[in-house]
Amino acid sequence: MNDFSSGTQATVLLLFTVLVTLTLLMCVMAGPDRDDLENFYTGYRSLTPFKNGLAIAGDYISAATVLSTTGIIALTGYDGYVLAVSTALSLVLLMFLLAEPLRNAGQFTMGDVLARNIPGRAVRVAACVVTLSATVPFLIVQLSGAGSLLTFILDLPHVAGARTGSIVIVGSLMIIYAALGGMRGTALVQMVKIVFLLATSIVVAALVLNRFDWSPGDVLRAAQQGSGAGAAFLQQGLQLGTSAGERLDFIGFQITVVLGVACLPHITMRLYSAQDVPAVRRSMSWAVGTVTTFCLLVIVMGTGAAALVGSQSITAADPHGRTSVLMLSQILGGAPGSTGTTILYSAVAGMVFLTLLSSVAGMTLAAASSLAHDLFAHVARRGQAEPRTEMTVAVWTSVAVGTVAIGLATLVQGWNVGVLTTLAICIGASAVAPALTYSLFWRGFTRTGLLATLYGGAACALVLMVFSKAVSGTPSAVFPDVDFALFPMQSTGLVSVPFGYLAGWLGSRLDHWRRTADSRESRRLYEESEARLLAAAE
Amino acid sequence: MQETHRHSADLAALRSAYRLLRRTSTLTALGSFVVYVVLSCGAPGLMGSKIAGELSLGMALGILQLVVTFAAVFWYGRSAQGSVDPLARAVREQAVTAGRHTEVAR
C-alpha cells in the first residue's frame with residue numbers, strides 16, 4: 001500500500017535520525033541539574049509567554065489530534081468539523097475559566113492545587129490515581145499508534161515484531177526526553193514540534209487548495225464525491241448515526257471533549273511554569289491562536305484527503321483513517337518517485353514522528369511528576385523529602401511509567417484502542433474538571449466532596465465505558481464478538497460528568513452535617529489563600 | 001484594623017470582577033458551542049442548507065466559531081487588563097505592606 005522507491009525511505013529515515021539527534025541534544029542541553037526540583041518541574045518559569053504558549057499548544061496537539069481528527073474529517077465530514085471546533089474550544093475554556101487561578105494555586109502538580117485548602121495524604125493519593133488514570137490510557141493509545149504508523153511510514157512488513165520494535169524505540173526515546181529534559185527540555189521539543197507541524201500543515205493545506213484553484217466549493221464537491229457519501233458528507237450523522245439516541249451520543253461526546261481535553265494533567269502542568277498571571281494569559285493567547293489555526297488547517301487537510309485520496313483507499317489502509325494525512329501527502333507531491341513527493345512525504349512523516357515523540361514525552365512527564373511529587377514526596381515522605389531524592393525519584397518514575405506504558409501498548413497493539421482516548425477524555429471531564437472547578441471557586445468544598453468527585457467521577461466513567469457500545473456489541477468495538485454493552489452509548493460524558501459534579505456537591509454537603517469542624521477548616525483555608533489565588537499575593 | 005478592612009474590600013472587588021469576567025466569557029464560549037452542536041443534531045435540514053455555493057450554514061457557523069475565537073481571546077485579554085489587573089495589583093501591594101506591619105512573612 002506504500003509503493004515507494006527506496007530513495008524516499010532513505011530520506012525519511014535520514015530525517016528521523018536528524019530530528020531525534022537534534023531534539024535529544026536540545027533536551028540534554030536544557031535539562032535540569034541533578035538536585036534542582038524547581039528547574040525539573042517548571043524550568044524556573046523562565047520561558048517567555050510566547051515560547052510557553054507554543055509549548056502548551058505543542059502538548060495540546062497530540063498525535064491523536066493530528067492523525068485521528070484528520071481521519072475523522074476525511075471519513076465523516078461534518079462530524080469531524082464539529083470535533084475540530086470542540087478541540088479548539090476546549091483550550092479556550094481552559095484559558096477563560098481555569099488558567100489564571102490554576103497558575104496562582106499550583107506549584108508543580110494537580111495535587112498541589114487540590115491540597116492547597118484540603119491538605120492530607122488521601123487527597124494526594126487520589127490526585128495521583130486520577131492523574132495516572134487520565135494520562136496512562138492516552139499514552140498507551142499514542143504508543144500503540146506509533147507502532148502501526150512507523151511500520152506504515154517506513155514500509156516495514158506488517159508483522160507483530162516490526163510493530164513491537166517501533167513501539168519500543170518510540171517509547172525509549174520518550175523516556176529519555178522526559179527523564180533527562182524535565183519541563184524545560186520537553187518544552188523545547190514541543191516548540192520545535194509545533195513550528196514544524198504548523199509549517200508542514202500550511203504547505204499541505206495550501207497545496208490542497210491550489211489543486212482546486214483556491215475554490216472551497218470545488219474542494220467540497222470533490223470531497224462529497226470522494227467520500228462516497230454524497231450530500232450526507234456535509235451533514236451531521238456519518239460518525240455515529242442519525243437516530244435520536246445516536247445524535248444524543250454525539251452531543252454528549254462533543255461536550256465531553258470541550259470540558260475534558262484541556263483539563264488533562266499534561267496540559268495543566270504547563271500552566272504552573274508561567275511567570276505570573278499576565279504571562280499565563282499571554283501564553284494561553286498564543287496557545288489558543290496556534291491551536292485554532294491548526295484546527296482550521298486540519299479541516300482543510302481532512303477535506304482534501306476525502307477529495308483526493310477517497311474514503312475507499314483511506315479505510316483500506318486504516319479503518320479509522322489515521323494514515324490519511326500521509327496518503328494525502330503522497331498524492332499531493334506529484335508523480336511517485338519525484339523529488340516533490342519525496343520532500344513532501346518526508347516532511348509529513350517527520351511531522352507525524354515528532355508529534356508522536358513529543359506528545360508521549362509530555363504525558364510521561366505529567367504521570368511521573370505526579371508519582372514523584374504527590375505520591376513519593378507528600379505521601380510516602382510526608383512532605384519531608386530531600387529535593388535531591390525527589391528529583392532522582394522523578395527520573396526513575398519516568399522510566400517506570402514509560403516501561404509500563406510500552407508493555408501495555410505492546411499487549412493491546414492488535415486491538416482497537418481508540419476507546420482509551422475516549423476514556424481519558426471522559427475521566428478528564430468527569431473527575432479532573434469538577435475537582436478543579438470546585439477547588440478553585442467553591443469555598444464550601446470539603447475533603448469527602450473532593451474524594452467523591454475524584455474517585456466517583458473516574459470510576460463512573462470507567463465502569464460505564466467498560467459496558468458501553470465502544471467496548472462490545474458493535475462491529476467497530478474492541479470486542480466485536482461479544483455483547484455486554486449495557487450502556488447504549490459510545491462515550492460516557494453525558495452521565496459521568498453530571499455524576500462527578502453531583503458526587504462532589506453531595507460529599508461536601510455530607511461533611512457540613514457530619515463533620516462541621518472539618519468543613520469549617522476547609523473554608524478557613526480557602527479564605528486564607530484567596531488573596532494568593534486571585535492576585536498571587538503572598 | 002482599618003488596613004485589614006480595606007484589604008478585604010479590595011479582595012471582594014477583585015473577586016466579583018473576576019467572577020463577572022469568568023462567567024461572561026465561559027458562558028458565551030460554552031453556550032455558543034452547545035447551541036451549535038444541538039442545532040447540528042436537532043435541525044440538520046436548517047444547518048445543511050446551502051448559503052453560498054457548496055458551503056452549508058452548519059459548516060459556515062463552525063468555521064466562524066474558530067475565526068471568532070481569535071477575537072474572543074483578544075477581547076478577554078483586554079478586559080482582564082482593564083478590570084482585573086489593577087485590583088489584583090492593589091491586593092498584592094497591600095499584602096506586602098500588611099506583611100511588613102505584622103512581620104508575618106509567609
# chains A, B, ... in the order shown; residues from 1 in each chain; ligands from 1

call {"tool": "residues_around", "arguments": {"residues": "Gly31 (chain B)", "least_positions_apart": "6", "cutoff": "12 Å", "atoms": "only C-alpha atoms", "output": "list in words"}}
result
Leu89, Leu93, Ile255 and Val258 of chain A; Arg23, Thr24, Ser25, Val37, Val38 and Gln65 of chain B

call {"tool": "closest_atom_pairs", "arguments": {"of": "chain A", "to": "chain B", "cutoff": "9 Å", "atoms": "only C-alpha atoms", "output": "Markdown table"}}
result
| residue | atom | partner | partner_atom | distance |
| --- | --- | --- | --- | --- |
| A:Tyr78 | CA | B:Met59 | CA | 7.3 |
| A:Tyr81 | CA | B:Gly62 | CA | 7.1 |
| A:Val82 | CA | B:Gly62 | CA | 6.7 |
| A:Ala84 | CA | B:Gly62 | CA | 8.9 |
| A:Val85 | CA | B:Leu66 | CA | 6.4 |
| A:Ser86 | CA | B:Phe33 | CA | 7.6 |
| A:Ala88 | CA | B:Leu66 | CA | 7.4 |
| A:Leu89 | CA | B:Ala29 | CA | 7.5 |
| A:Ser90 | CA | B:Leu30 | CA | 9.0 |
| A:Val92 | CA | B:Val73 | CA | 7.6 |
| A:Leu93 | CA | B:Thr26 | CA | 6.1 |
| A:Met95 | CA | B:Val73 | CA | 8.6 |
| A:Phe96 | CA | B:Thr26 | CA | 6.0 |
| A:Leu97 | CA | B:Arg22 | CA | 5.7 |
| A:Leu98 | CA | B:Arg22 | CA | 8.9 |
| A:Pro216 | CA | B:Glu54 | CA | 8.0 |
| A:Gly217 | CA | B:Glu54 | CA | 5.0 |
| A:Asp218 | CA | B:Glu54 | CA | 8.0 |
| A:Leu220 | CA | B:Glu54 | CA | 6.5 |
| A:Arg221 | CA | B:Glu54 | CA | 6.9 |
| A:Ala231 | CA | B:Gly48 | CA | 8.9 |
| A:Leu234 | CA | B:Gly48 | CA | 6.9 |
| A:Gln235 | CA | B:Gly48 | CA | 5.9 |
| A:Gln236 | CA | B:Ser40 | CA | 6.3 |
| A:Gly237 | CA | B:Cys41 | CA | 7.9 |
| A:Thr242 | CA | B:Cys41 | CA | 8.2 |
| A:Ala244 | CA | B:Cys41 | CA | 8.7 |
| A:Arg247 | CA | B:Cys41 | CA | 5.9 |
| A:Leu248 | CA | B:Cys41 | CA | 8.0 |
| A:Phe250 | CA | B:Cys41 | CA | 8.2 |
| A:Ile251 | CA | B:Val37 | CA | 6.3 |
| A:Gln254 | CA | B:Val37 | CA | 7.8 |
| A:Ile255 | CA | B:Val34 | CA | 7.3 |
| A:Val258 | CA | B:Leu30 | CA | 8.1 |
| A:Val277 | CA | B:Asp85 | CA | 8.8 |
| A:Pro278 | CA | B:Gln81 | CA | 8.2 |
| A:Arg281 | CA | B:Gly77 | CA | 7.0 |
| A:Arg282 | CA | B:Gly77 | CA | 7.8 |
| A:Met284 | CA | B:Val73 | CA | 8.8 |
| A:Ser285 | CA | B:Val73 | CA | 6.2 |
| A:Val288 | CA | B:Val73 | CA | 7.8 |
| A:Gly289 | CA | B:Phe70 | CA | 6.3 |
| A:Thr292 | CA | B:Leu66 | CA | 6.2 |
| A:Thr293 | CA | B:Leu66 | CA | 8.2 |
| A:Cys295 | CA | B:Leu66 | CA | 8.1 |
| A:Leu296 | CA | B:Leu66 | CA | 7.4 |
| A:Glu530 | CA | B:Leu11 | CA | 8.3 |
| A:Ala531 | CA | B:Leu11 | CA | 6.8 |
| A:Arg532 | CA | B:Arg92 | CA | 8.5 |
| A:Leu534 | CA | B:Ala88 | CA | 7.0 |
| A:Ala535 | CA | B:Ala88 | CA | 4.6 |
| A:Ala536 | CA | B:Arg92 | CA | 7.0 |
| A:Ala537 | CA | B:Arg92 | CA | 4.6 |
| A:Glu538 | CA | B:Arg106 | CA | 6.7 |

call {"tool": "closest_residue", "arguments": {"among": "A:Ala424, A:Leu47, A:Leu67, A:Val170", "to": "Met301 (chain A)", "atoms": "only C-alpha atoms"}}
result
A:Leu67

call {"tool": "residues_around", "arguments": {"residues": "Gln225 (chain A)", "least_positions_apart": "5", "cutoff": "10 Å", "atoms": "only C-alpha atoms", "output": "PyMOL selection string"}}
result
chain A and resi 219-220+230-231+233+306-308+310-311

call {"tool": "write_last_selection", "arguments": {"atoms": "C-alpha atoms", "output": "mmCIF file, in the first residue's frame"}}
result
data_model
loop_
_atom_site.group_PDB
_atom_site.id
_atom_site.type_symbol
_atom_site.label_atom_id
_atom_site.label_comp_id
_atom_site.auth_asym_id
_atom_site.auth_seq_id
_atom_site.Cartn_x
_atom_site.Cartn_y
_atom_site.Cartn_z
ATOM 1 C CA VAL A 219 -12.910 21.038 -2.741
ATOM 2 C CA LEU A 220 -16.221 20.358 -1.001
ATOM 3 C CA GLY A 230 -22.671 12.453 -1.280
ATOM 4 C CA ALA A 231 -24.607 15.228 0.424
ATOM 5 C CA PHE A 233 -20.798 14.229 3.985
ATOM 6 C CA ALA A 306 -11.551 12.900 1.278
ATOM 7 C CA ALA A 307 -11.430 14.733 -2.052
ATOM 8 C CA LEU A 308 -8.083 13.488 -3.354
ATOM 9 C CA GLY A 310 -11.069 8.960 -1.354
ATOM 10 C CA SER A 311 -12.590 7.068 1.540
#

call {"tool": "select_by_dssp", "arguments": {"residues": "chain B", "states": "strand (DSSP E)", "output": "PyMOL selection string"}}
result
chain B and resi 50-52+55-56

call {"tool": "atom_distance", "arguments": {"atom1": "CA of Asp79 (chain A)", "atom2": "CA of Lys469 (chain A)"}}
result
18.5 Å

call {"tool": "select_by_dssp", "arguments": {"residues": "region 181-304 of chain A", "states": "helix (DSSP H, G or I)", "output": "count of residues only"}}
result
103

call {"tool": "atom_distance", "arguments": {"atom1": "CA of Thr342 (chain A)", "atom2": "CA of Ser329 (chain A)"}}
result
9.5 Å

call {"tool": "closest_residue", "arguments": {"among": "A:Ala205, A:Val125, A:Val136, A:Ala222", "to": "Leu328 (chain A)", "atoms": "only C-alpha atoms"}}
result
A:Ala205

call {"tool": "closest_residue", "arguments": {"among": "B:Ser83, B:Ile51, B:Val35, B:Val68", "to": "Ser16 (chain B)", "atoms": "only C-alpha atoms"}}
result
B:Ser83
